[in-house]
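What follows is the content of model.txt, which has compact mmCIF, C-alpha atoms:
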```
# COMPACT_ATOMS: atom_id res chain seq x y z
CA MET A 1 -34.25 -21.01 45.33
CA LYS A 2 -31.32 -23.26 46.03
CA ASP A 3 -28.97 -21.05 44.04
CA ASN A 4 -29.01 -17.64 42.41
CA LYS A 5 -30.34 -18.86 39.08
CA THR A 6 -33.75 -17.64 38.02
CA LEU A 7 -36.53 -19.95 36.96
CA THR A 8 -35.92 -19.00 33.35
CA GLN A 9 -32.20 -19.76 33.64
CA LYS A 10 -32.96 -23.13 35.21
CA ILE A 11 -35.47 -23.98 32.49
CA LYS A 12 -32.86 -23.08 29.86
CA GLU A 13 -30.32 -25.27 31.64
CA LEU A 14 -32.79 -28.16 31.70
CA GLU A 15 -33.56 -27.69 28.00
CA GLU A 16 -29.83 -27.86 27.23
CA LYS A 17 -29.48 -31.05 29.27
CA ILE A 18 -32.47 -32.58 27.50
CA ASP A 19 -31.15 -31.52 24.07
CA TRP A 20 -27.98 -33.49 24.81
CA PHE A 21 -30.02 -36.71 24.72
CA TYR A 22 -31.02 -35.92 21.14
CA SER A 23 -27.62 -34.63 20.02
CA ASP A 24 -24.63 -36.29 18.38
CA ASP A 25 -22.75 -35.85 21.68
CA PHE A 26 -24.90 -38.53 23.27
CA GLU A 27 -22.78 -41.20 24.98
CA LEU A 28 -24.41 -44.12 26.70
CA GLU A 29 -21.75 -44.06 29.41
CA GLU A 30 -22.71 -40.49 30.40
CA ALA A 31 -26.44 -40.89 29.79
CA THR A 32 -27.38 -42.23 33.20
CA ILE A 33 -25.53 -39.48 35.05
CA ASN A 34 -26.97 -36.79 32.80
CA TYR A 35 -30.46 -38.19 33.15
CA LYS A 36 -30.17 -38.20 36.94
CA THR A 37 -28.96 -34.57 36.85
CA ALA A 38 -31.87 -33.60 34.61
CA ILE A 39 -34.35 -35.33 36.94
CA ALA A 40 -32.88 -33.49 39.95
CA LEU A 41 -33.05 -30.15 38.14
CA ALA A 42 -36.63 -30.82 37.05
CA LYS A 43 -37.56 -31.62 40.65
CA GLU A 44 -35.95 -28.40 41.84
CA LEU A 45 -37.83 -26.50 39.16
CA GLN A 46 -41.13 -28.04 40.22
CA GLU A 47 -40.46 -26.92 43.79
CA ASP A 48 -39.52 -23.44 42.62
CA LEU A 49 -42.63 -23.21 40.45
CA ASN A 50 -44.80 -24.16 43.41
CA ASN A 51 -43.16 -21.97 46.00
CA LEU A 52 -41.26 -19.10 44.42
CA GLN A 53 -42.64 -15.62 45.08
CA ASN A 54 -41.92 -12.35 43.31
CA GLU A 55 -40.05 -9.66 45.18
CA ILE A 56 -41.93 -6.36 44.98
CA GLU A 57 -40.16 -3.15 45.94
CA ILE A 58 -42.04 0.13 45.99
CA LEU A 59 -39.44 2.78 45.20
CA LYS A 60 -39.07 5.55 47.73
CA GLU A 61 -38.36 8.16 45.06
CA ASP A 62 -40.96 10.93 44.79
CA PHE A 63 -41.78 11.26 41.11
CA SER A 64 -44.12 14.19 41.69
CA LYS A 65 -41.14 16.55 41.93
CA MET B 1 -54.20 51.76 57.72
CA ASP B 2 -51.19 50.34 55.78
CA SER B 3 -50.30 51.99 52.55
CA PHE B 4 -48.23 50.43 49.73
CA THR B 5 -46.39 51.54 46.71
CA PRO B 6 -47.77 49.89 43.55
CA THR B 7 -44.77 47.54 43.46
CA GLU B 8 -45.26 46.61 47.10
CA PHE B 9 -48.97 46.09 46.61
CA ILE B 10 -48.47 43.86 43.57
CA ALA B 11 -45.84 41.91 45.51
CA VAL B 12 -48.25 41.45 48.45
CA VAL B 13 -51.11 40.40 46.17
CA ASN B 14 -48.83 37.93 44.35
CA GLN B 15 -47.64 36.59 47.69
CA THR B 16 -51.27 36.15 48.78
CA LEU B 17 -52.16 34.50 45.49
CA ASP B 18 -49.17 32.21 45.76
CA TYR B 19 -50.18 31.28 49.31
CA ALA B 20 -53.82 30.69 48.41
CA TYR B 21 -53.38 29.22 44.92
CA SER B 22 -49.84 27.95 44.49
CA SER B 23 -51.14 25.77 41.71
CA VAL B 24 -54.60 26.01 40.18
CA THR B 25 -56.38 23.92 37.59
CA VAL B 26 -58.94 25.67 35.40
CA VAL B 27 -61.18 24.08 32.78
CA GLY B 28 -62.53 26.18 29.92
CA GLU B 29 -62.55 26.86 26.22
CA VAL B 30 -59.50 28.17 24.34
CA ALA B 31 -59.82 31.52 22.58
CA SER B 32 -57.40 33.90 20.85
CA PHE B 33 -54.64 31.30 20.70
CA LYS B 34 -51.37 32.60 19.29
CA VAL B 35 -47.65 31.88 19.36
CA ASN B 36 -45.22 34.83 19.40
CA GLN B 37 -41.64 34.67 18.18
CA GLY B 38 -41.85 30.90 18.06
CA LYS B 39 -41.40 30.85 21.83
CA TRP B 40 -44.29 32.39 23.73
CA VAL B 41 -47.85 31.10 23.78
CA PHE B 42 -50.81 33.35 24.59
CA PHE B 43 -54.45 32.38 24.77
CA ASP B 44 -57.58 33.02 26.79
CA ILE B 45 -59.48 30.37 28.61
CA LYS B 46 -63.13 31.22 28.96
CA ASP B 47 -66.64 30.11 29.79
CA GLU B 48 -69.97 31.85 29.05
CA GLU B 49 -69.28 34.72 31.43
CA SER B 50 -65.58 35.08 32.09
CA SER B 51 -62.20 34.90 30.45
CA ILE B 52 -58.64 34.50 31.80
CA SER B 53 -55.50 35.53 29.95
CA CYS B 54 -53.02 32.69 29.88
CA PHE B 55 -49.33 32.67 29.11
CA MET B 56 -46.86 29.83 28.71
CA THR B 57 -43.74 28.88 26.80
CA LEU B 58 -44.07 26.88 23.61
CA TYR B 59 -41.73 24.31 25.17
CA GLN B 60 -44.31 23.60 27.87
CA LEU B 61 -47.14 23.17 25.38
CA ARG B 62 -47.22 19.44 24.78
CA ILE B 63 -50.49 19.10 22.93
CA PRO B 64 -51.72 20.84 19.78
CA ILE B 65 -54.43 23.26 20.89
CA GLU B 66 -56.59 25.65 18.92
CA ASP B 67 -59.47 28.02 19.48
CA GLY B 68 -62.72 26.41 20.60
CA MET B 69 -60.98 23.44 22.17
CA LYS B 70 -61.96 22.54 25.72
CA VAL B 71 -58.89 22.18 27.90
CA MET B 72 -57.73 21.86 31.46
CA VAL B 73 -54.88 24.21 32.33
CA LYS B 74 -52.69 24.01 35.39
CA GLY B 75 -50.85 27.13 36.38
CA VAL B 76 -50.09 29.93 38.74
CA PRO B 77 -52.14 33.16 38.96
CA LYS B 78 -50.29 36.40 39.28
CA ILE B 79 -50.56 40.15 38.79
CA THR B 80 -48.11 41.58 36.31
CA LYS B 81 -46.11 44.69 37.07
CA TRP B 82 -48.62 46.54 34.91
CA GLY B 83 -51.37 45.46 37.31
CA LYS B 84 -52.98 43.01 34.93
CA PHE B 85 -54.08 39.57 35.95
CA SER B 86 -52.20 36.77 34.25
CA PHE B 87 -52.29 33.03 34.47
CA THR B 88 -48.92 31.39 33.86
CA VAL B 89 -49.68 27.97 32.54
CA GLN B 90 -47.51 25.00 33.39
CA ALA B 91 -49.50 22.28 31.65
CA VAL B 92 -52.45 21.92 29.31
CA GLN B 93 -54.59 18.88 28.77
CA PRO B 94 -57.60 18.45 26.47
CA VAL B 95 -60.96 17.80 28.09
CA GLY B 96 -64.11 16.30 26.59
CA GLU B 97 -64.53 13.81 23.81
CA GLY B 98 -64.24 16.28 20.92
CA SER B 99 -61.03 17.94 22.11
CA LEU B 100 -59.46 14.67 23.14
CA LYS B 101 -60.16 13.10 19.78
CA LYS B 102 -58.88 16.08 17.85
CA VAL B 103 -55.65 16.33 19.86
CA TYR B 104 -55.21 12.57 19.58
CA GLU B 105 -55.55 12.54 15.80
CA ILE B 106 -53.26 15.55 15.23
CA LEU B 107 -50.54 14.17 17.52
CA LYS B 108 -50.90 10.66 16.17
CA LYS B 109 -50.25 11.84 12.64
CA LYS B 110 -47.36 14.08 13.66
CA LEU B 111 -45.59 11.39 15.69
CA ALA B 112 -46.32 8.66 13.14
CA ASP B 113 -44.75 10.85 10.44
CA GLU B 114 -41.67 11.10 12.64
CA GLY B 115 -41.52 7.30 12.86
CA LEU B 116 -42.23 7.01 16.57
CA PHE B 117 -44.68 4.16 16.01
CA ASP B 118 -42.60 2.32 13.42
CA PRO B 119 -43.17 -1.43 13.90
CA ALA B 120 -39.58 -2.09 12.81
CA LYS B 121 -38.35 -0.30 15.96
CA LYS B 122 -40.35 -2.51 18.32
CA ARG B 123 -38.26 -4.74 20.53
CA PRO B 124 -39.63 -8.05 21.78
CA ILE B 125 -39.97 -8.46 25.53
CA PRO B 126 -39.24 -12.01 26.65
CA LYS B 127 -41.28 -13.69 29.35
CA GLY B 128 -39.90 -14.61 32.76
CA LEU B 129 -37.49 -11.70 33.15
CA SER B 130 -35.52 -11.51 36.37
CA LYS B 131 -36.06 -7.80 37.02
CA ILE B 132 -38.72 -5.44 35.72
CA GLY B 133 -39.82 -1.90 36.46
CA VAL B 134 -43.48 -0.99 36.87
CA ILE B 135 -44.81 2.53 36.57
CA SER B 136 -48.26 2.84 38.05
CA SER B 137 -50.29 4.13 40.94
CA THR B 138 -50.01 1.56 43.70
CA ALA B 139 -53.49 2.52 44.80
CA ALA B 140 -55.05 1.81 41.42
CA ALA B 141 -57.14 -1.26 40.62
CA GLY B 142 -55.15 -1.81 37.43
CA TYR B 143 -51.93 -2.13 39.43
CA ALA B 144 -53.56 -4.63 41.80
CA ASP B 145 -54.77 -6.69 38.81
CA PHE B 146 -51.30 -6.64 37.28
CA ILE B 147 -49.57 -7.79 40.48
CA LYS B 148 -52.24 -10.42 41.22
CA ILE B 149 -51.93 -12.05 37.80
CA PHE B 150 -48.13 -11.71 37.80
CA ASN B 151 -47.84 -13.45 41.19
CA ALA B 152 -50.32 -16.16 40.26
CA ARG B 153 -48.47 -17.01 37.06
CA TRP B 154 -44.79 -16.64 37.93
CA GLY B 155 -42.21 -16.26 40.69
CA GLY B 156 -38.66 -15.14 41.29
CA THR B 157 -38.94 -11.82 39.48
CA LYS B 158 -37.79 -8.64 41.19
CA ILE B 159 -40.39 -5.95 40.54
CA GLN B 160 -39.46 -2.34 41.21
CA VAL B 161 -42.54 -0.14 41.36
CA ALA B 162 -42.42 3.59 40.64
CA HIS B 163 -45.54 5.04 42.21
CA THR B 164 -46.89 7.86 40.04
CA GLN B 165 -50.18 9.43 39.20
CA VAL B 166 -51.79 7.72 36.22
CA GLN B 167 -54.39 10.33 35.46
CA GLY B 168 -54.58 14.06 35.55
CA ILE B 169 -52.42 16.88 34.40
CA ASP B 170 -49.40 15.92 36.54
CA ALA B 171 -49.32 12.29 35.48
CA PRO B 172 -47.26 12.65 32.26
CA ASP B 173 -44.33 14.38 33.98
CA GLN B 174 -44.33 11.90 36.83
CA ILE B 175 -44.33 8.96 34.43
CA ILE B 176 -41.55 10.61 32.40
CA ARG B 177 -39.48 10.99 35.59
CA ALA B 178 -40.06 7.33 36.42
CA LEU B 179 -39.01 6.29 32.90
CA LYS B 180 -35.89 8.41 33.27
CA TYR B 181 -35.20 6.85 36.69
CA PHE B 182 -35.28 3.29 35.29
CA ASN B 183 -33.33 4.22 32.17
CA GLU B 184 -30.58 6.00 34.12
CA ARG B 185 -30.08 3.06 36.46
CA GLY B 186 -30.38 0.41 33.75
CA GLU B 187 -31.15 -2.32 36.26
CA VAL B 188 -34.48 -3.55 34.94
CA GLU B 189 -34.92 -5.54 31.74
CA ALA B 190 -38.33 -4.10 30.83
CA ILE B 191 -40.64 -1.34 32.01
CA ALA B 192 -44.40 -1.82 32.32
CA ILE B 193 -46.67 1.23 32.32
CA ILE B 194 -49.85 0.12 34.01
CA ARG B 195 -53.22 1.79 34.38
CA GLY B 196 -56.70 0.29 34.58
CA GLY B 197 -59.76 1.36 32.68
CA GLY B 198 -61.22 4.83 32.88
CA SER B 199 -62.93 7.56 30.93
CA ALA B 200 -61.31 9.21 27.93
CA ASP B 201 -60.44 12.17 30.18
CA ASP B 202 -58.82 9.83 32.72
CA LEU B 203 -56.66 8.25 30.05
CA ALA B 204 -55.82 11.52 28.27
CA CYS B 205 -52.45 11.78 30.02
CA PHE B 206 -51.24 8.83 27.95
CA ASN B 207 -51.57 10.97 24.83
CA ASP B 208 -49.12 13.56 26.13
CA GLU B 209 -46.49 14.30 23.48
CA ALA B 210 -43.51 14.44 25.83
CA LEU B 211 -44.56 11.19 27.48
CA VAL B 212 -45.03 9.45 24.13
CA ARG B 213 -41.57 10.63 23.07
CA ALA B 214 -40.08 9.40 26.37
CA VAL B 215 -41.63 5.97 25.83
CA ALA B 216 -40.42 5.79 22.23
CA SER B 217 -36.88 6.77 23.20
CA SER B 218 -36.61 4.52 26.25
CA LYS B 219 -33.43 2.42 26.10
CA ILE B 220 -35.23 -0.23 28.10
CA PRO B 221 -38.13 -1.92 26.26
CA VAL B 222 -41.54 -0.71 27.38
CA ILE B 223 -44.79 -2.65 27.62
CA SER B 224 -48.01 -0.71 28.07
CA GLY B 225 -51.07 -2.09 29.82
CA ILE B 226 -53.42 0.86 29.82
CA GLY B 227 -57.20 0.82 30.07
CA HIS B 228 -59.23 -1.80 28.25
CA GLU B 229 -58.86 -3.49 24.87
CA VAL B 230 -60.79 -0.72 23.12
CA ASP B 231 -58.70 2.10 24.61
CA GLU B 232 -55.82 2.99 22.35
CA SER B 233 -53.43 5.65 23.57
CA LEU B 234 -50.39 7.12 21.86
CA VAL B 235 -48.25 5.58 24.60
CA ASP B 236 -49.63 2.20 23.49
CA LEU B 237 -48.53 2.95 19.94
CA ALA B 238 -45.05 4.06 21.03
CA ALA B 239 -44.48 1.14 23.40
CA ASP B 240 -42.53 -1.89 22.22
CA VAL B 241 -45.35 -4.17 23.28
CA ARG B 242 -48.96 -3.19 23.79
CA ALA B 243 -51.01 -5.24 26.22
CA SER B 244 -54.77 -4.84 26.07
CA THR B 245 -55.15 -4.53 29.86
CA PRO B 246 -52.96 -4.55 32.99
CA SER B 247 -53.80 -8.26 33.46
CA ASN B 248 -52.79 -8.95 29.88
CA ALA B 249 -49.48 -7.13 30.49
CA ALA B 250 -48.81 -9.50 33.40
CA GLU B 251 -49.64 -12.45 31.12
CA LEU B 252 -47.31 -11.22 28.39
CA LEU B 253 -44.45 -10.84 30.87
CA THR B 254 -44.78 -14.23 32.52
CA PHE B 255 -44.97 -17.93 31.82
CA ASP B 256 -47.73 -19.86 33.51
CA ARG B 257 -46.48 -21.90 36.48
CA LYS B 258 -48.79 -24.85 35.77
CA THR B 259 -48.05 -25.00 32.06
CA THR B 260 -44.34 -24.68 32.75
CA ALA B 261 -44.43 -27.43 35.40
CA SER B 262 -46.21 -29.70 32.94
CA SER B 263 -43.73 -28.81 30.21
CA VAL B 264 -40.78 -29.58 32.54
CA ASN B 265 -42.31 -33.02 33.24
CA ASP B 266 -42.85 -33.66 29.55
CA MET B 267 -39.27 -32.70 28.74
CA VAL B 268 -37.82 -35.10 31.30
CA ASN B 269 -40.24 -37.89 30.32
CA ARG B 270 -39.36 -37.49 26.68
CA ALA B 271 -35.65 -37.59 27.53
CA GLY B 272 -36.28 -40.77 29.55
CA GLN B 273 -38.15 -42.36 26.66
CA ASN B 274 -35.40 -41.29 24.31
CA LEU B 275 -32.81 -42.85 26.61
CA VAL B 276 -34.72 -46.17 26.72
CA TYR B 277 -35.11 -46.04 22.94
CA LYS B 278 -31.41 -45.40 22.48
CA ILE B 279 -30.48 -48.21 24.87
CA SER B 280 -32.77 -50.65 23.04
CA ASN B 281 -31.32 -49.44 19.75
CA ILE B 282 -27.80 -50.06 21.01
CA LYS B 283 -28.87 -53.53 22.20
CA LYS B 284 -30.41 -54.26 18.82
CA GLU B 285 -27.26 -53.03 17.10
CA GLN B 286 -25.19 -55.39 19.29
CA ARG B 287 -27.54 -58.28 18.53
CA ASP B 288 -27.38 -57.51 14.83
CA LYS B 289 -23.59 -57.38 14.95
CA MET B 290 -23.44 -60.72 16.82
CA LEU B 291 -25.76 -62.22 14.22
CA GLN B 292 -23.63 -60.82 11.44
CA VAL B 293 -20.47 -62.29 13.00
CA SER B 294 -22.22 -65.63 13.53
CA ASN B 295 -23.37 -65.64 9.89
CA ILE B 296 -19.85 -64.91 8.70
CA ILE B 297 -18.46 -67.75 10.84
CA ASN B 298 -21.14 -70.17 9.60
CA LEU B 299 -20.46 -69.15 6.01
CA LYS B 300 -16.74 -69.73 6.49
CA ILE B 301 -17.35 -73.12 8.13
CA SER B 302 -19.56 -74.29 5.25
CA GLY B 303 -16.90 -73.09 2.83
CA TYR B 304 -14.30 -75.11 4.65
CA ARG B 305 -16.66 -78.09 4.71
CA LYS B 306 -17.23 -77.95 0.96
CA GLU B 307 -13.51 -77.57 0.33
CA LEU B 308 -12.81 -80.57 2.54
CA SER B 309 -15.48 -82.62 0.85
CA ASP B 310 -14.01 -81.80 -2.58
CA LYS B 311 -10.58 -82.77 -1.39
CA ILE B 312 -11.92 -86.01 0.04
CA LYS B 313 -13.52 -86.73 -3.34
CA ILE B 314 -10.24 -86.04 -5.10
CA LEU B 315 -8.43 -88.21 -2.60
CA GLY B 316 -11.03 -90.94 -3.14
CA ALA B 317 -10.43 -90.78 -6.87
CA LEU B 318 -6.70 -91.21 -6.32
CA ASP B 319 -7.07 -94.24 -4.02
CA PRO B 320 -5.38 -97.30 -5.76
CA GLU B 321 -8.04 -99.65 -4.40
CA LYS B 322 -10.70 -97.56 -6.22
CA VAL B 323 -8.63 -97.90 -9.42
CA LEU B 324 -8.43 -101.68 -8.90
CA GLU B 325 -12.20 -101.73 -8.35
CA ARG B 326 -12.62 -100.27 -11.80
CA GLY B 327 -10.75 -103.40 -13.16
CA TYR B 328 -7.24 -102.06 -13.41
CA ALA B 329 -4.19 -103.96 -12.05
CA ILE B 330 -0.93 -102.87 -10.52
CA LEU B 331 2.23 -104.25 -12.08
CA ARG B 332 5.38 -104.29 -9.94
CA GLY B 333 8.85 -105.55 -10.89
CA GLU B 334 11.38 -105.04 -13.70
CA ILE B 335 9.81 -105.27 -17.16
CA SER B 336 12.26 -107.40 -19.12
CA VAL B 337 11.81 -110.67 -20.96
CA GLY B 338 12.13 -113.66 -18.65
CA ASN B 339 11.64 -111.63 -15.51
CA VAL B 340 8.93 -112.44 -13.03
CA VAL B 341 6.63 -109.51 -12.15
CA LYS B 342 3.93 -109.16 -9.52
CA ILE B 343 0.40 -108.29 -10.64
CA THR B 344 -2.19 -107.06 -8.14
CA THR B 345 -5.92 -107.00 -9.04
CA ILE B 346 -8.85 -106.16 -6.81
CA SER B 347 -9.04 -109.74 -5.62
CA LYS B 348 -5.77 -111.42 -6.67
CA GLU B 349 -2.01 -111.29 -6.25
CA ILE B 350 -0.43 -112.83 -9.39
CA LYS B 351 3.16 -113.67 -10.25
CA ALA B 352 3.84 -113.78 -14.02
CA GLU B 353 6.82 -114.18 -16.32
CA VAL B 354 7.45 -111.55 -19.01
CA LYS B 355 7.42 -113.31 -22.36
CA GLU B 356 7.62 -110.53 -24.85
CA ILE B 357 7.87 -106.75 -24.81
CA ASN B 358 6.60 -104.62 -27.67
CA GLU B 359 6.36 -100.84 -28.02
CA ARG B 360 2.79 -99.56 -28.22
CA GLN B 361 1.66 -98.19 -31.59
```
Write out the structure in this file as structure tokens.
Amino acid sequence: MKDNKTLTQKIKELEEKIDWFYSDDFELEEATINYKTAIALAKELQEDLNNLQNEIEILKEDFSK
Amino acid sequence: MDSFTPTEFIAVVNQTLDYAYSSVTVVGEVASFKVNQGKWVFFDIKDEESSISCFMTLYQLRIPIEDGMKVMVKGVPKITKWGKFSFTVQAVQPVGEGSLKKVYEILKKKLADEGLFDPAKKRPIPKGLSKIGVISSTAAAGYADFIKIFNARWGGTKIQVAHTQVQGIDAPDQIIRALKYFNERGEVEAIAIIRGGGSADDLACFNDEALVRAVASSKIPVISGIGHEVDESLVDLAADVRASTPSNAAELLTFDRKTTASSVNDMVNRAGQNLVYKISNIKKEQRDKMLQVSNIINLKISGYRKELSDKIKILGALDPEKVLERGYAILRGEISVGNVVKITTISKEIKAEVKEINERQ
């Protein structure tokens, strides 16, 4: 990952960016910049989805005692 | 030859027993079951030929047992100070279909009456969590299935695995300790209890009363993925979410990478289309406004034109030449008898003398 955000957090961020295009806050002047940001985030997400692995830690604690 | 006092001999025998059988599991049928003073439990465990006197505290008895029930008891053998053999039981588990079913039904009713399975208490477990706890045996096939499906579907999740037994008489306490471990630390967002398929005896530990209570009281939401679809344990009923299998638990905890990737593409494409639509809308709005302005200007111009034309007509009507054309004449000069005045017609200039002046009637 390029930052500490999880896949879910990034997806939420992308959804918020996309929602902006459908909201009353939409401004044509900002649209191009926001669209480029959304495209970049989507690309990053695609990379994460292809490459990201889970981190599995077997605890050392002995639960038999 | 060594000689002992009775106390010494009992101590030696107990030491030997402890060395040889520090913990023993015995399977047999319950007989003469009774509870004394609401605290102490006594029963015999027997087969066709032999019988063992068992003792335990009521606190340790986590399943409802009765005479005739086949059970597995885990405990420590010892000789009492009166020289009698006793088996101090640490845990009891039902064995065989009949006993398992009976214990299951009794406990299910008891715990349901207490509200442990109340659907209103169930908490949803969202997919794609950043940190989860898994309680399972890392050697078990069910655990391998869970991890395989989880990894195939999703990434970026930190999975802490508490390795415990998932069958047998010791499993409930180990799973309870693991639940306590995760709850005390509070680092994971959900706990998955995972165990693959097995016989009713194998899965019996998931009907342990203390374990079911620990699941129901967990501060962290619990998902159970135990056995197959047809296997229903009391832990399943107490969990916030019940998955039908370990693989299903992995599915319920994750999004699918491919579906998500496709959804991400769709989102961005839709936003792009929306942007194009909005731009074309804005263009159309501008065109419409220009057209509106142009129409207003044209309307104003034609108004001015009409006004001008009317004025020209009025002017035309006032033109003296037009009056002369209609046969009138212009008379200039002083109107008095004997005076010469100038008369202009459309085609003539006439000088004339005033002969007589009369007032009009």
Cut-off 12 Å around (-58.2, 26.9, 35.3) with only C-alpha atoms: residues as a PyMOL selection string: chain B and resi 21+23-30+44-47+50-54+70-77+86-93+95+169
Tell me, as a list of chain:residue names, which residues lie within 9 Å of Leu52 in chain A, counting all atoms listed in the file; anything in the same chain fewer than 5 positions away does not count. A:Met1, A:Leu7, A:Glu47, B:Trp154, B:Gly155, B:Gly156
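With all atoms listed in the file as the atoms that count, the residue of B:Asp266, B:Asp310, B:Glu251, B:Asp256 with the shortest distance to Asp145 in chain B is B:Glu251.
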Could you write out as a PDB file with C-alpha atoms, keeping the file's coordinate frame the residues of chain A within 8 Å of chain B, counting all atoms listed in the file?
```
ATOM      1  CA  THR A   6     -33.750 -17.640  38.020  1.00  0.00           C
ATOM      2  CA  LEU A   7     -36.530 -19.950  36.960  1.00  0.00           C
ATOM      3  CA  THR A   8     -35.920 -19.000  33.350  1.00  0.00           C
ATOM      4  CA  ILE A  11     -35.470 -23.980  32.490  1.00  0.00           C
ATOM      5  CA  GLU A  15     -33.560 -27.690  28.000  1.00  0.00           C
ATOM      6  CA  ILE A  18     -32.470 -32.580  27.500  1.00  0.00           C
ATOM      7  CA  PHE A  21     -30.020 -36.710  24.720  1.00  0.00           C
ATOM      8  CA  TYR A  22     -31.020 -35.920  21.140  1.00  0.00           C
ATOM      9  CA  LEU A  28     -24.410 -44.120  26.700  1.00  0.00           C
ATOM     10  CA  ALA A  31     -26.440 -40.890  29.790  1.00  0.00           C
ATOM     11  CA  TYR A  35     -30.460 -38.190  33.150  1.00  0.00           C
ATOM     12  CA  ALA A  38     -31.870 -33.600  34.610  1.00  0.00           C
ATOM     13  CA  ILE A  39     -34.350 -35.330  36.940  1.00  0.00           C
ATOM     14  CA  ALA A  42     -36.630 -30.820  37.050  1.00  0.00           C
ATOM     15  CA  LEU A  45     -37.830 -26.500  39.160  1.00  0.00           C
ATOM     16  CA  GLN A  46     -41.130 -28.040  40.220  1.00  0.00           C
ATOM     17  CA  ASP A  48     -39.520 -23.440  42.620  1.00  0.00           C
ATOM     18  CA  LEU A  49     -42.630 -23.210  40.450  1.00  0.00           C
ATOM     19  CA  ASN A  50     -44.800 -24.160  43.410  1.00  0.00           C
ATOM     20  CA  ASN A  51     -43.160 -21.970  46.000  1.00  0.00           C
ATOM     21  CA  LEU A  52     -41.260 -19.100  44.420  1.00  0.00           C
ATOM     22  CA  GLN A  53     -42.640 -15.620  45.080  1.00  0.00           C
ATOM     23  CA  ASN A  54     -41.920 -12.350  43.310  1.00  0.00           C
ATOM     24  CA  GLU A  55     -40.050  -9.660  45.180  1.00  0.00           C
ATOM     25  CA  ILE A  56     -41.930  -6.360  44.980  1.00  0.00           C
ATOM     26  CA  GLU A  57     -40.160  -3.150  45.940  1.00  0.00           C
ATOM     27  CA  ILE A  58     -42.040   0.130  45.990  1.00  0.00           C
ATOM     28  CA  LEU A  59     -39.440   2.780  45.200  1.00  0.00           C
ATOM     29  CA  GLU A  61     -38.360   8.160  45.060  1.00  0.00           C
ATOM     30  CA  ASP A  62     -40.960  10.930  44.790  1.00  0.00           C
ATOM     31  CA  PHE A  63     -41.780  11.260  41.110  1.00  0.00           C
ATOM     32  CA  SER A  64     -44.120  14.190  41.690  1.00  0.00           C
ATOM     33  CA  LYS A  65     -41.140  16.550  41.930  1.00  0.00           C
TER      34      LYS A  65
END
```
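Going from CA of Gln9 in chain A to CA of Lys122 in chain B covers 24.5 Å.
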With a distance cut-off of 10 Å and all atoms listed in the file, select the neighbouring residues of Asn183 in chain B, excluding the residue or stretch itself and same-chain residues fewer than 5 positions from it, and output the selection as a PyMOL selection string. chain B and resi 133+177-178+188-191+217-221
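One finds CA of Arg185 in chain B at 21.5 Å from CA of Ala238 in chain B.
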For Lys121 in chain B, find every residue with an atom within 10 Å (counting only C-alpha atoms), except residues of its own chain fewer than 4 positions away, and show them as JSON, numbers by chain. {"B": [115, 116, 117, 216, 238, 239, 240]}
I want to know what sits within 10 Å of range 324-327 of chain B, based on only C-alpha atoms, with residues of the same chain fewer than 5 positions away left out; could you give that as a ChimeraX atom specification? /B:319,344-347
May I have the selected residues written with C-alpha atoms, as a PDB file, in the frame of the given file?
```pdb
ATOM      1  CA  ASP B 319      -7.070 -94.240  -4.020  1.00  0.00           C
ATOM      2  CA  THR B 344      -2.190-107.060  -8.140  1.00  0.00           C
ATOM      3  CA  THR B 345      -5.920-107.000  -9.040  1.00  0.00           C
ATOM      4  CA  ILE B 346      -8.850-106.160  -6.810  1.00  0.00           C
ATOM      5  CA  SER B 347      -9.040-109.740  -5.620  1.00  0.00           C
TER       6      SER B 347
END
```
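CA of Lys110 in chain B is positioned 24.6 Å from CA of His228 in chain B.
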Kindly reconstruct range 124-131 of chain B with N, CA and C atoms and present the result as a PDB file, in the coordinates of the input.
```pdb
ATOM      1  N   PRO B 124     -38.814  -7.050  21.073  1.00  0.00           N
ATOM      2  CA  PRO B 124     -39.630  -8.050  21.780  1.00  0.00           C
ATOM      3  C   PRO B 124     -39.279  -8.050  23.265  1.00  0.00           C
ATOM      4  N   ILE B 125     -40.240  -8.369  24.091  1.00  0.00           N
ATOM      5  CA  ILE B 125     -39.970  -8.460  25.530  1.00  0.00           C
ATOM      6  C   ILE B 125     -40.176  -9.929  25.937  1.00  0.00           C
ATOM      7  N   PRO B 126     -39.084 -10.600  26.300  1.00  0.00           N
ATOM      8  CA  PRO B 126     -39.240 -12.010  26.650  1.00  0.00           C
ATOM      9  C   PRO B 126     -39.990 -12.210  27.965  1.00  0.00           C
ATOM     10  N   LYS B 127     -40.576 -13.384  28.104  1.00  0.00           N
ATOM     11  CA  LYS B 127     -41.280 -13.690  29.350  1.00  0.00           C
ATOM     12  C   LYS B 127     -40.277 -14.146  30.412  1.00  0.00           C
ATOM     13  N   GLY B 128     -40.709 -14.077  31.666  1.00  0.00           N
ATOM     14  CA  GLY B 128     -39.900 -14.610  32.760  1.00  0.00           C
ATOM     15  C   GLY B 128     -38.631 -13.839  33.041  1.00  0.00           C
ATOM     16  N   LEU B 129     -38.677 -12.520  32.884  1.00  0.00           N
ATOM     17  CA  LEU B 129     -37.490 -11.700  33.150  1.00  0.00           C
ATOM     18  C   LEU B 129     -37.173 -11.701  34.639  1.00  0.00           C
ATOM     19  N   SER B 130     -35.892 -11.459  34.955  1.00  0.00           N
ATOM     20  CA  SER B 130     -35.520 -11.510  36.370  1.00  0.00           C
ATOM     21  C   SER B 130     -35.799 -10.195  37.098  1.00  0.00           C
ATOM     22  N   LYS B 131     -35.802  -9.080  36.346  1.00  0.00           N
ATOM     23  CA  LYS B 131     -36.060  -7.800  37.020  1.00  0.00           C
ATOM     24  C   LYS B 131     -36.829  -6.870  36.080  1.00  0.00           C
TER      25      LYS B 131
END
```
